[in-house]
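J.: The file below is target.csv, CSV, C-alpha atoms:
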```csv
chain,number,residue,atom,x,y,z
A,5,MET,CA,177.2,96.5,86.6
A,6,THR,CA,174.2,98.7,85.9
A,7,ALA,CA,173.0,98.8,82.3
A,8,VAL,CA,173.1,102.2,80.6
A,9,SER,CA,170.2,103.0,78.3
A,10,LEU,CA,171.3,104.4,75.0
A,11,GLY,CA,167.9,105.1,73.7
A,12,MET,CA,166.4,108.3,72.3
A,13,PRO,CA,166.8,111.4,74.4
A,14,ALA,CA,163.6,112.3,76.2
A,15,VAL,CA,163.9,116.0,75.2
A,16,PRO,CA,164.5,117.0,71.6
A,17,PRO,CA,167.6,119.2,70.9
A,18,PRO,CA,167.0,122.9,70.9
A,19,PRO,CA,166.6,124.8,67.5
A,20,LEU,CA,169.8,125.9,65.8
A,21,ALA,CA,169.0,129.6,66.2
A,22,PRO,CA,166.3,131.7,67.9
A,23,ARG,CA,163.4,132.4,65.7
A,24,ARG,CA,163.4,135.9,64.1
A,25,HIS,CA,160.9,138.2,65.8
A,26,SER,CA,158.0,138.9,63.4
A,27,ARG,CA,154.5,140.3,63.8
A,28,GLN,CA,151.8,137.8,63.7
A,29,ILE,CA,148.9,137.5,61.2
A,30,MET,CA,146.1,135.0,61.1
A,31,VAL,CA,145.4,133.0,57.9
A,32,GLY,CA,142.0,131.7,58.9
A,33,ASN,CA,142.7,129.8,62.1
A,34,VAL,CA,146.4,129.3,61.4
A,35,PRO,CA,148.8,131.8,63.1
A,36,VAL,CA,151.7,132.9,60.9
A,37,GLY,CA,154.7,134.7,62.5
A,38,GLY,CA,155.0,136.0,66.0
A,39,GLY,CA,156.6,132.8,67.3
A,40,ALA,CA,153.9,130.4,65.9
A,41,PRO,CA,155.1,127.1,64.6
A,42,VAL,CA,156.3,127.2,60.9
A,43,SER,CA,153.3,126.2,58.8
A,44,VAL,CA,153.4,124.2,55.6
A,45,GLN,CA,151.3,125.0,52.6
A,46,SER,CA,150.8,124.1,48.9
A,47,MET,CA,148.7,125.1,45.9
A,48,THR,CA,146.1,123.1,44.0
A,49,THR,CA,146.8,122.1,40.4
A,50,THR,CA,143.1,121.7,39.5
A,51,LEU,CA,141.0,124.2,37.6
A,52,THR,CA,139.6,126.3,40.5
A,53,ALA,CA,136.3,126.6,38.6
A,54,ASP,CA,135.9,122.8,39.0
A,55,VAL,CA,134.8,122.9,42.6
A,56,ASN,CA,134.5,119.2,43.2
A,57,LYS,CA,138.0,118.3,41.9
A,58,THR,CA,139.5,121.3,43.7
A,59,LEU,CA,137.9,120.3,47.0
A,60,GLN,CA,139.0,116.7,46.5
A,61,GLN,CA,142.6,117.8,46.0
A,62,ILE,CA,142.4,120.0,49.1
A,63,ALA,CA,141.1,117.1,51.1
A,64,GLU,CA,144.1,115.0,50.0
A,65,LEU,CA,146.5,117.8,50.9
A,66,THR,CA,144.8,118.2,54.3
A,67,ALA,CA,145.2,114.5,55.0
A,68,SER,CA,148.9,114.7,54.2
A,69,GLY,CA,149.5,117.5,56.7
A,70,CYS,CA,148.9,120.7,54.6
A,71,GLN,CA,147.8,123.6,56.8
A,72,ILE,CA,147.1,126.3,54.3
A,73,VAL,CA,146.1,125.9,50.6
A,74,ARG,CA,146.3,128.4,47.7
A,75,VAL,CA,144.1,128.3,44.7
A,76,ALA,CA,144.7,130.1,41.4
A,77,VAL,CA,142.1,132.7,40.3
A,78,PRO,CA,142.9,133.7,36.7
A,79,SER,CA,139.2,133.9,35.4
A,80,GLN,CA,135.7,135.0,36.4
A,81,ASP,CA,134.7,131.3,36.5
A,82,ASP,CA,137.3,130.7,39.2
A,83,VAL,CA,136.1,133.7,41.1
A,84,GLU,CA,132.6,132.3,41.1
A,85,ALA,CA,133.9,129.0,42.5
A,86,LEU,CA,135.6,130.7,45.5
A,87,PRO,CA,132.6,130.9,48.0
A,88,ALA,CA,131.9,127.1,47.8
A,89,ILE,CA,135.6,126.2,48.1
A,90,ALA,CA,136.3,128.6,51.0
A,91,LYS,CA,133.3,127.3,52.8
A,92,LYS,CA,133.8,123.6,52.4
A,93,SER,CA,137.6,123.4,52.7
A,94,GLN,CA,138.9,122.1,56.0
A,95,ILE,CA,142.0,124.3,55.9
A,96,PRO,CA,142.3,128.1,55.1
A,97,VAL,CA,142.1,129.0,51.4
A,98,ILE,CA,144.2,131.7,49.9
A,99,ALA,CA,143.2,133.2,46.6
A,100,ASP,CA,146.1,133.8,44.2
A,101,ILE,CA,145.5,136.9,42.1
A,102,HIS,CA,147.9,137.9,39.3
A,103,PHE,CA,146.1,140.1,36.7
A,104,GLN,CA,142.8,141.6,37.9
A,105,PRO,CA,142.6,143.9,40.9
A,106,LYS,CA,138.8,143.4,41.0
A,107,TYR,CA,139.3,139.7,41.8
A,108,VAL,CA,141.0,140.7,45.1
A,109,PHE,CA,137.7,142.3,46.2
A,110,ALA,CA,135.8,139.2,45.0
A,111,ALA,CA,138.0,136.8,46.9
A,112,ILE,CA,137.6,138.8,50.1
A,113,ASP,CA,133.8,138.8,49.6
A,114,ALA,CA,133.9,135.1,49.0
A,115,GLY,CA,135.3,134.4,52.4
A,116,CYS,CA,138.9,133.4,51.5
A,117,ALA,CA,141.3,133.4,54.5
A,118,ALA,CA,143.9,135.6,52.7
A,119,VAL,CA,144.8,137.0,49.3
A,120,ARG,CA,148.1,136.7,47.5
A,121,VAL,CA,148.8,139.6,45.1
A,122,ASN,CA,151.7,139.8,42.6
A,123,PRO,CA,152.5,143.5,42.2
A,124,GLY,CA,154.6,142.8,39.1
A,125,ASN,CA,151.6,141.4,37.2
A,126,ILE,CA,148.5,143.3,38.5
A,127,ARG,CA,147.7,146.2,36.2
A,128,GLN,CA,147.2,149.5,38.1
A,129,PHE,CA,148.0,147.8,41.4
A,130,ASP,CA,149.4,150.9,43.0
A,131,ASP,CA,146.2,152.9,42.2
A,132,LYS,CA,144.0,150.2,43.9
A,133,VAL,CA,146.0,149.8,47.2
A,134,LYS,CA,143.8,152.2,49.2
A,135,GLU,CA,140.6,150.3,48.2
A,136,ILE,CA,142.2,146.9,48.7
A,137,ALA,CA,143.6,147.9,52.1
A,138,LYS,CA,140.1,149.1,53.3
A,139,ALA,CA,138.3,145.9,52.0
A,140,ALA,CA,140.9,143.6,53.6
A,141,GLY,CA,141.1,145.5,56.8
A,142,ASP,CA,137.3,145.6,57.2
A,143,ALA,CA,137.1,141.8,56.6
A,144,GLY,CA,140.2,141.0,58.8
A,145,ILE,CA,141.9,139.4,55.8
A,146,PRO,CA,145.7,139.4,55.5
A,147,ILE,CA,147.5,140.1,52.2
A,148,ARG,CA,150.6,138.4,50.9
A,149,ILE,CA,152.9,140.5,48.8
A,150,GLY,CA,154.2,137.8,46.5
A,151,VAL,CA,157.2,139.0,44.5
A,152,ASN,CA,158.6,136.6,41.9
A,153,ALA,CA,161.8,136.8,39.9
A,154,GLY,CA,159.8,135.9,36.8
A,155,SER,CA,157.3,138.7,37.1
A,156,LEU,CA,159.2,141.5,38.8
A,157,ASP,CA,157.8,145.0,38.4
A,158,LYS,CA,159.3,146.5,35.2
A,159,ARG,CA,160.4,149.6,37.0
A,160,LEU,CA,162.6,147.5,39.2
A,161,LEU,CA,164.0,145.4,36.3
A,162,GLN,CA,165.0,148.6,34.6
A,163,LYS,CA,166.7,149.9,37.7
A,164,HIS,CA,168.6,146.8,38.7
A,165,GLY,CA,169.1,145.2,35.3
A,166,LYS,CA,167.8,141.8,36.4
A,167,ALA,CA,166.0,140.1,39.3
A,168,THR,CA,168.7,140.5,41.9
A,169,ALA,CA,168.1,139.9,45.6
A,170,GLU,CA,168.1,143.7,46.1
A,171,ALA,CA,165.5,144.1,43.4
A,172,LEU,CA,163.2,141.5,45.0
A,173,VAL,CA,163.5,143.1,48.4
A,174,GLU,CA,163.0,146.7,47.1
A,175,SER,CA,159.8,145.6,45.2
A,176,ALA,CA,158.3,143.9,48.3
A,177,LEU,CA,159.1,146.7,50.7
A,178,TRP,CA,157.8,149.4,48.3
A,179,GLU,CA,154.5,147.6,47.9
A,180,CYS,CA,154.3,147.2,51.7
A,181,SER,CA,154.9,150.9,52.2
A,182,LEU,CA,151.9,151.6,50.0
A,183,PHE,CA,149.6,149.6,52.3
A,184,GLU,CA,151.3,151.1,55.4
A,185,GLU,CA,150.3,154.6,54.1
A,186,HIS,CA,146.7,153.5,54.6
A,187,GLY,CA,147.3,151.9,58.0
A,188,PHE,CA,147.2,148.3,56.8
A,189,ARG,CA,149.9,146.0,58.2
A,190,ASP,CA,148.3,142.5,58.1
A,191,ILE,CA,150.9,141.5,55.5
A,192,LYS,CA,153.3,138.6,54.9
A,193,ILE,CA,155.9,138.7,52.2
A,194,SER,CA,157.6,136.3,49.8
A,195,VAL,CA,160.5,137.1,47.5
A,196,LYS,CA,160.9,133.9,45.4
A,197,HIS,CA,163.6,133.1,42.9
A,198,ASN,CA,164.6,129.9,41.1
A,199,ASP,CA,168.2,130.2,42.3
A,200,PRO,CA,168.5,129.2,46.0
A,201,VAL,CA,171.6,131.5,46.4
A,202,VAL,CA,169.7,134.6,45.2
A,203,MET,CA,166.6,133.5,47.2
A,204,ILE,CA,168.6,133.1,50.5
A,205,ARG,CA,170.2,136.5,50.0
A,206,ALA,CA,166.9,138.2,49.4
A,207,TYR,CA,165.2,136.7,52.5
A,208,ARG,CA,168.2,137.6,54.7
A,209,GLN,CA,168.0,141.2,53.5
A,210,LEU,CA,164.3,141.2,54.0
A,211,ALA,CA,164.6,139.8,57.5
A,212,GLU,CA,166.9,142.7,58.5
A,213,GLN,CA,164.7,145.4,57.0
A,214,CYS,CA,161.2,144.6,58.3
A,215,ASP,CA,159.3,142.6,60.9
A,216,TYR,CA,156.6,141.1,58.6
A,217,PRO,CA,156.2,137.3,58.6
A,218,LEU,CA,158.0,135.7,55.7
A,219,HIS,CA,156.7,133.0,53.4
A,220,LEU,CA,159.7,131.0,52.1
A,221,GLY,CA,159.7,129.5,48.6
A,222,VAL,CA,162.1,128.6,45.7
A,223,THR,CA,159.9,129.4,42.7
A,224,GLU,CA,160.0,127.0,39.7
A,225,ALA,CA,162.2,124.7,41.7
A,226,GLY,CA,161.9,121.9,39.1
A,227,PRO,CA,161.0,118.2,39.1
A,228,ALA,CA,160.7,116.3,42.3
A,229,PHE,CA,164.3,115.4,42.9
A,230,GLN,CA,165.9,118.7,41.8
A,231,GLY,CA,163.1,120.7,43.4
A,232,THR,CA,163.5,118.9,46.7
A,233,ILE,CA,167.2,119.5,46.8
A,234,LYS,CA,166.9,123.2,46.0
A,235,SER,CA,164.1,123.7,48.5
A,236,SER,CA,165.9,121.8,51.2
A,237,VAL,CA,169.1,123.7,50.8
A,238,ALA,CA,167.4,127.1,50.7
A,239,PHE,CA,164.9,126.5,53.5
A,240,GLY,CA,167.5,124.7,55.6
A,241,ALA,CA,169.9,127.6,55.5
A,242,LEU,CA,167.2,130.2,56.4
A,243,LEU,CA,165.2,128.2,58.9
A,244,ALA,CA,168.5,127.3,60.7
A,245,GLU,CA,169.0,131.0,61.1
A,246,GLY,CA,165.5,131.5,62.5
A,247,ILE,CA,164.2,133.1,59.3
A,248,GLY,CA,160.8,131.9,57.9
A,249,ASP,CA,157.3,131.6,59.2
A,250,THR,CA,155.5,129.5,56.6
A,251,ILE,CA,156.9,127.5,53.7
A,252,ARG,CA,155.8,126.2,50.3
A,253,VAL,CA,157.9,123.6,48.4
A,254,SER,CA,157.3,124.2,44.7
A,255,LEU,CA,157.7,120.9,42.7
A,256,SER,CA,156.7,119.8,39.3
A,257,ALA,CA,154.9,116.9,41.0
A,258,PRO,CA,151.6,116.2,42.7
A,259,PRO,CA,151.1,118.8,45.4
A,260,VAL,CA,150.9,116.1,48.1
A,261,GLU,CA,154.6,115.5,47.4
A,262,GLU,CA,155.3,119.2,48.3
A,263,ILE,CA,153.7,118.7,51.7
A,264,LYS,CA,155.7,115.5,52.3
A,265,VAL,CA,159.0,117.3,51.6
A,266,GLY,CA,158.0,120.4,53.5
A,267,ASN,CA,157.1,118.5,56.6
A,268,GLN,CA,160.3,116.5,56.4
A,269,ILE,CA,162.3,119.6,56.2
A,270,LEU,CA,160.7,121.0,59.4
A,271,GLU,CA,161.1,117.6,61.2
A,272,SER,CA,164.8,117.4,60.2
A,273,LEU,CA,165.5,120.8,61.7
A,274,GLY,CA,163.6,120.0,64.9
A,275,LEU,CA,160.9,122.6,64.1
A,276,ARG,CA,158.2,120.1,64.1
A,277,GLU,CA,157.7,116.9,66.1
A,278,ARG,CA,159.1,114.0,64.2
A,279,GLY,CA,156.8,111.4,62.7
A,280,LEU,CA,158.1,108.1,61.5
A,281,GLU,CA,161.8,108.4,60.7
A,282,ILE,CA,163.7,105.6,59.1
A,283,VAL,CA,167.5,105.7,59.8
A,284,SER,CA,169.0,103.3,57.3
A,285,CYS,CA,172.6,102.7,56.1
A,286,PRO,CA,173.6,103.4,52.5
A,287,SER,CA,175.0,99.8,52.3
A,288,CYS,CA,178.5,98.8,51.4
A,289,GLY,CA,180.6,95.7,50.8
A,290,ARG,CA,180.2,94.8,54.5
A,291,ALA,CA,176.4,94.5,54.3
A,292,GLN,CA,175.1,91.0,54.7
A,293,VAL,CA,171.5,91.9,53.9
A,294,ASP,CA,169.7,93.7,51.1
A,295,VAL,CA,169.4,97.0,53.0
A,296,TYR,CA,167.6,98.8,50.2
A,297,THR,CA,164.8,96.3,50.1
A,298,LEU,CA,164.6,95.9,53.9
A,299,ALA,CA,164.4,99.7,54.4
A,300,GLU,CA,161.6,100.0,51.8
A,301,GLN,CA,159.7,97.1,53.4
A,302,VAL,CA,159.9,98.6,56.8
A,303,THR,CA,158.9,102.1,55.6
A,304,ALA,CA,155.9,100.7,53.7
A,305,ALA,CA,154.9,98.5,56.7
A,306,LEU,CA,155.0,101.5,59.1
A,307,ASP,CA,153.6,104.1,56.8
A,308,GLY,CA,151.0,106.3,58.6
A,309,PHE,CA,152.0,104.9,62.0
A,310,PRO,CA,150.1,106.7,64.8
A,311,VAL,CA,153.1,107.7,67.0
A,312,PRO,CA,156.5,109.3,66.1
A,313,LEU,CA,159.2,106.7,66.0
A,314,ARG,CA,162.8,106.6,64.9
A,315,VAL,CA,163.5,103.2,63.4
A,316,ALA,CA,167.0,102.1,62.5
A,317,VAL,CA,167.5,99.6,59.6
A,318,MET,CA,171.2,98.6,59.5
A,319,GLY,CA,173.0,96.1,57.4
A,320,CYS,CA,176.2,95.1,59.2
A,321,VAL,CA,177.9,94.8,62.6
A,322,VAL,CA,180.2,97.9,62.3
A,323,ASN,CA,177.8,100.8,62.8
A,324,GLY,CA,174.6,98.7,63.0
A,325,PRO,CA,174.3,98.0,66.7
A,326,GLY,CA,175.3,101.5,67.7
A,327,GLU,CA,172.8,103.2,65.3
A,328,ALA,CA,170.1,100.7,66.3
A,329,ARG,CA,170.6,101.5,70.0
A,330,GLU,CA,170.2,105.3,69.3
A,331,ALA,CA,166.8,104.7,67.8
A,332,ASP,CA,163.4,103.9,69.5
A,333,LEU,CA,163.4,100.6,67.6
A,334,GLY,CA,166.0,99.0,65.3
A,335,VAL,CA,167.6,96.1,63.7
A,336,ALA,CA,171.2,95.2,63.0
A,337,SER,CA,171.3,92.5,60.4
A,338,GLY,CA,173.9,89.9,59.4
A,339,ASN,CA,174.3,86.2,58.6
A,340,GLY,CA,170.7,85.7,57.8
A,341,LYS,CA,169.6,87.1,61.2
A,342,GLY,CA,168.6,90.4,62.8
A,343,GLN,CA,169.2,91.7,66.3
A,344,ILE,CA,166.1,93.6,67.3
A,345,PHE,CA,166.7,96.6,69.6
A,346,VAL,CA,164.0,98.5,71.6
A,347,LYS,CA,165.0,101.7,73.4
A,348,GLY,CA,168.6,100.7,73.3
A,349,GLN,CA,168.2,97.1,74.5
A,350,VAL,CA,168.6,93.9,72.5
A,351,ILE,CA,165.3,92.0,73.0
A,352,LYS,CA,165.7,89.2,70.6
A,353,THR,CA,167.4,87.8,67.5
A,354,VAL,CA,165.2,86.7,64.7
A,355,PRO,CA,165.6,85.1,61.2
A,356,GLU,CA,165.9,87.6,58.4
A,357,SER,CA,162.6,86.4,56.9
A,358,ILE,CA,160.6,87.8,59.9
A,359,ILE,CA,162.5,91.0,60.6
A,360,VAL,CA,159.8,93.3,59.2
A,361,GLU,CA,157.0,91.5,60.9
A,362,THR,CA,158.9,91.7,64.2
A,363,LEU,CA,159.6,95.4,63.9
A,364,VAL,CA,156.0,96.1,63.2
A,365,GLU,CA,155.0,94.0,66.3
A,366,GLU,CA,157.4,95.9,68.5
A,367,ALA,CA,156.4,99.3,67.1
A,368,LEU,CA,152.8,98.4,67.9
A,369,ARG,CA,153.8,97.5,71.5
A,370,LEU,CA,155.6,100.8,71.9
A,371,ALA,CA,152.5,102.7,70.6
A,372,ASP,CA,150.3,100.8,73.0
A,373,GLU,CA,152.6,101.6,75.9
A,374,MET,CA,152.5,105.3,74.9
A,375,GLY,CA,148.7,105.2,75.1
A,376,ALA,CA,148.2,105.7,71.4
A,377,GLU,CA,144.7,105.0,70.1
A,378,LEU,CA,145.3,102.0,67.7
A,379,PRO,CA,142.6,101.0,65.3
A,380,ASP,CA,141.2,97.5,65.9
A,381,GLU,CA,143.0,96.0,62.9
A,382,LEU,CA,146.4,97.1,64.4
A,383,ARG,CA,145.5,96.3,68.0
A,384,ASP,CA,144.8,92.7,66.9
A,385,LEU,CA,148.4,92.4,65.8
A,386,LEU,CA,149.8,93.3,69.2
A,387,PRO,CA,152.2,90.6,70.4
A,388,GLY,CA,152.5,89.1,73.9
A,389,PRO,CA,155.0,90.3,76.5
A,390,THR,CA,158.6,90.6,75.4
A,391,VAL,CA,161.4,88.9,77.3
A,392,THR,CA,164.7,90.8,77.0
A,393,VAL,CA,167.7,88.8,76.0
A,394,HIS,CA,170.8,89.5,78.1
```
Starting from the coordinates I provided, produce the structure as structure tokens.

T.:
Amino acid sequence: MTAVSLGMPAVPPPPLAPRRHSRQIMVGNVPVGGGAPVSVQSMTTTLTADVNKTLQQIAELTASGCQIVRVAVPSQDDVEALPAIAKKSQIPVIADIHFQPKYVFAAIDAGCAAVRVNPGNIRQFDDKVKEIAKAAGDAGIPIRIGVNAGSLDKRLLQKHGKATAEALVESALWECSLFEEHGFRDIKISVKHNDPVVMIRAYRQLAEQCDYPLHLGVTEAGPAFQGTIKSSVAFGALLAEGIGDTIRVSLSAPPVEEIKVGNQILESLGLRERGLEIVSCPSCGRAQVDVYTLAEQVTAALDGFPVPLRVAVMGCVVNGPGEAREADLGVASGNGKGQIFVKGQVIKTVPESIIVETLVEEALRLADEMGAELPDELRDLLPGPTVTVH
């Protein structure tokens, strides 16, 4: 009888829905919209005027997979720091302007890749649109119209009574129309709200009424756990419908955590190639191994692994073998032992004490077979040939 491989499919599943058609802008060297991959961005928490600390945080964000970074520009000291930051950052820098229209011109002159303006906060914004449009157009710099529920234009608040989805959309499209009057259309839009339901409604309406690229965000989403849930729910709903061109997860946590969550959301929806994915069971009374500890140990041991892998860590014989076979690499544990699976085949059974070590060895072997460039310290750990157990 011929063995049937139950390993990972060679081709990833198609997206849940076609991407919404949007015009494309360039934020530095990162395309946004127009079918480009959904990009992930964050915002620094340092004082922008502190150039060294800001660049250090940008470097950390870049290493974690951030593609675009935004810096706050509330003061003249921050403005003066922009040229050095924009020049030395490895990823495009967006200047975040809230109160002074003159800072928009300074950010453009400083070489920032884009400027975010908050129409609800900037005094006399409407009167400055013509000048801003010309300066940005001449420099080839896009503008983000960033509407927030907490700083909605007072005219819209009076009209709608509160920051409804309709109010957010009307504000954004009104400000876009002011730029359009001057022939400027290198725009992306965000309509952020702290309530995922309102936020989803706003972006759905916006997606129907314009073709500008959309920046998704749940503003003031909260601490790490709550903010992750809110962002995942909102982004998941919209991205699954093809809505969204770039995302920023807003967490009351270090910005690197925002990037981790954002990347994981995109990977989970098949919008980005998966990196390391640990499939582990929640444990139950059937488990014959400490699944929590084992999953944490495997995750830590494979952190930063150079090739994408799905690794199953299972604790019993009910779902364990099946889940392990569906992964690139896996273990089904029980009675002090672990069955090790590679690409759907059982290759060996090892004592529980060396499960993690064995999984790392087999992960390295897979990486080597895939032609990955392994650093010397990892290559030295490569095991000898594996003999499949039938």

J.: Excluding same-chain residues fewer than 2 positions from Glu135 in chain A, what lies within 10 Å of it counting only C-alpha atoms, as JSON, numbers by chain?

T.: {"A": [105, 109, 131, 132, 133, 137, 138, 139, 140, 141, 183, 186]}

J.: Quick one, how far is CA of Val36 in chain A from CA of Lys192 in chain A?

T.: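 Those two atoms sit 8.4 Å apart.
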
J.: Of the candidates A:Val195, A:Val75, A:Leu273, A:Ile282, which one gets nearest to Leu20 in chain A if we count only C-alpha atoms?

T.: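 Among the listed residues, the smallest separation from Leu20 in chain A belongs to A:Leu273.
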
J.: Using only C-alpha atoms, pick whichever of A:Thr223, A:Ser287, A:Asp215, A:Trp178 has the shortest atom-to-atom distance to Gly154 in chain A.

T.: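 Result for the nearest residue to Gly154 in chain A: A:Thr223.
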
J.: Got a sec to check which residues sit within 12 Å of (162.1, 121.4, 40.4), counting all atoms listed in the file, and write them as a PyMOL selection string?

T.: chain A and resi 198-200+221-236+253-258+261-262

J.: Measuring atom to atom with only C-alpha atoms, identify which of A:Pro286, A:Pro123, A:Gly334, A:Gly274 is nearest to Lys352 in chain A.

T.: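 Nearest candidate to Lys352 in chain A out of A:Pro286, A:Pro123, A:Gly334, A:Gly274: A:Gly334.
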
J.: Report, in Å to a single decimal, how far apart CA of Gln104 in chain A and CA of Arg127 in chain A are.

T.: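 One can read the CA of Arg127 in chain A to CA of Gln104 in chain A distance as 6.9 Å.
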
J.: Please list as a PyMOL selection string every residue within 9 Å of Gly32 in chain A, counting all atoms listed in the file and excluding residues in the same chain fewer than 2 positions away.

T.: chain A and resi 30+34-35+72+95-97+116-118+145

J.: Assuming the input is short of atoms at range 137-144 of chain A, produce all heavy atoms for that part as a PDB file, keeping the file's coordinate frame.

T.:
```pdb
ATOM      1  N   ALA A 137     143.257 147.822  50.720  1.00  0.00           N
ATOM      2  CA  ALA A 137     143.600 147.900  52.100  1.00  0.00           C
ATOM      3  C   ALA A 137     142.308 148.042  52.975  1.00  0.00           C
ATOM      4  O   ALA A 137     142.165 147.399  54.030  1.00  0.00           O
ATOM      5  CB  ALA A 137     144.520 149.068  52.407  1.00  0.00           C
ATOM      6  N   LYS A 138     141.378 148.859  52.521  1.00  0.00           N
ATOM      7  CA  LYS A 138     140.100 149.100  53.300  1.00  0.00           C
ATOM      8  C   LYS A 138     139.299 147.775  53.279  1.00  0.00           C
ATOM      9  O   LYS A 138     138.788 147.357  54.329  1.00  0.00           O
ATOM     10  CB  LYS A 138     139.324 150.204  52.685  1.00  0.00           C
ATOM     11  CG  LYS A 138     138.060 150.506  53.515  1.00  0.00           C
ATOM     12  CD  LYS A 138     137.291 151.671  52.956  1.00  0.00           C
ATOM     13  CE  LYS A 138     136.146 152.071  53.903  1.00  0.00           C
ATOM     14  NZ  LYS A 138     135.320 150.965  54.353  1.00  0.00           N
ATOM     15  N   ALA A 139     139.157 147.156  52.103  1.00  0.00           N
ATOM     16  CA  ALA A 139     138.300 145.900  52.000  1.00  0.00           C
ATOM     17  C   ALA A 139     138.928 144.824  52.867  1.00  0.00           C
ATOM     18  O   ALA A 139     138.214 144.132  53.605  1.00  0.00           O
ATOM     19  CB  ALA A 139     138.216 145.498  50.561  1.00  0.00           C
ATOM     20  N   ALA A 140     140.254 144.628  52.772  1.00  0.00           N
ATOM     21  CA  ALA A 140     140.900 143.600  53.600  1.00  0.00           C
ATOM     22  C   ALA A 140     140.855 143.887  55.038  1.00  0.00           C
ATOM     23  O   ALA A 140     140.624 143.006  55.872  1.00  0.00           O
ATOM     24  CB  ALA A 140     142.342 143.389  53.085  1.00  0.00           C
ATOM     25  N   GLY A 141     141.082 145.143  55.380  1.00  0.00           N
ATOM     26  CA  GLY A 141     141.100 145.500  56.800  1.00  0.00           C
ATOM     27  C   GLY A 141     139.677 145.344  57.402  1.00  0.00           C
ATOM     28  O   GLY A 141     139.554 144.838  58.520  1.00  0.00           O
ATOM     29  N   ASP A 142     138.648 145.744  56.674  1.00  0.00           N
ATOM     30  CA  ASP A 142     137.300 145.600  57.200  1.00  0.00           C
ATOM     31  C   ASP A 142     136.918 144.127  57.397  1.00  0.00           C
ATOM     32  O   ASP A 142     136.168 143.785  58.308  1.00  0.00           O
ATOM     33  CB  ASP A 142     136.281 146.238  56.217  1.00  0.00           C
ATOM     34  CG  ASP A 142     136.369 147.758  56.214  1.00  0.00           C
ATOM     35  OD1 ASP A 142     137.013 148.321  57.119  1.00  0.00           O
ATOM     36  OD2 ASP A 142     135.811 148.383  55.281  1.00  0.00           O
ATOM     37  N   ALA A 143     137.449 143.258  56.525  1.00  0.00           N
ATOM     38  CA  ALA A 143     137.100 141.800  56.600  1.00  0.00           C
ATOM     39  C   ALA A 143     138.094 141.055  57.503  1.00  0.00           C
ATOM     40  O   ALA A 143     137.879 139.873  57.772  1.00  0.00           O
ATOM     41  CB  ALA A 143     137.139 141.215  55.208  1.00  0.00           C
ATOM     42  N   GLY A 144     139.168 141.713  57.953  1.00  0.00           N
ATOM     43  CA  GLY A 144     140.200 141.000  58.800  1.00  0.00           C
ATOM     44  C   GLY A 144     140.956 139.997  57.985  1.00  0.00           C
ATOM     45  O   GLY A 144     141.350 138.950  58.513  1.00  0.00           O
TER      46      GLY A 144
END
```
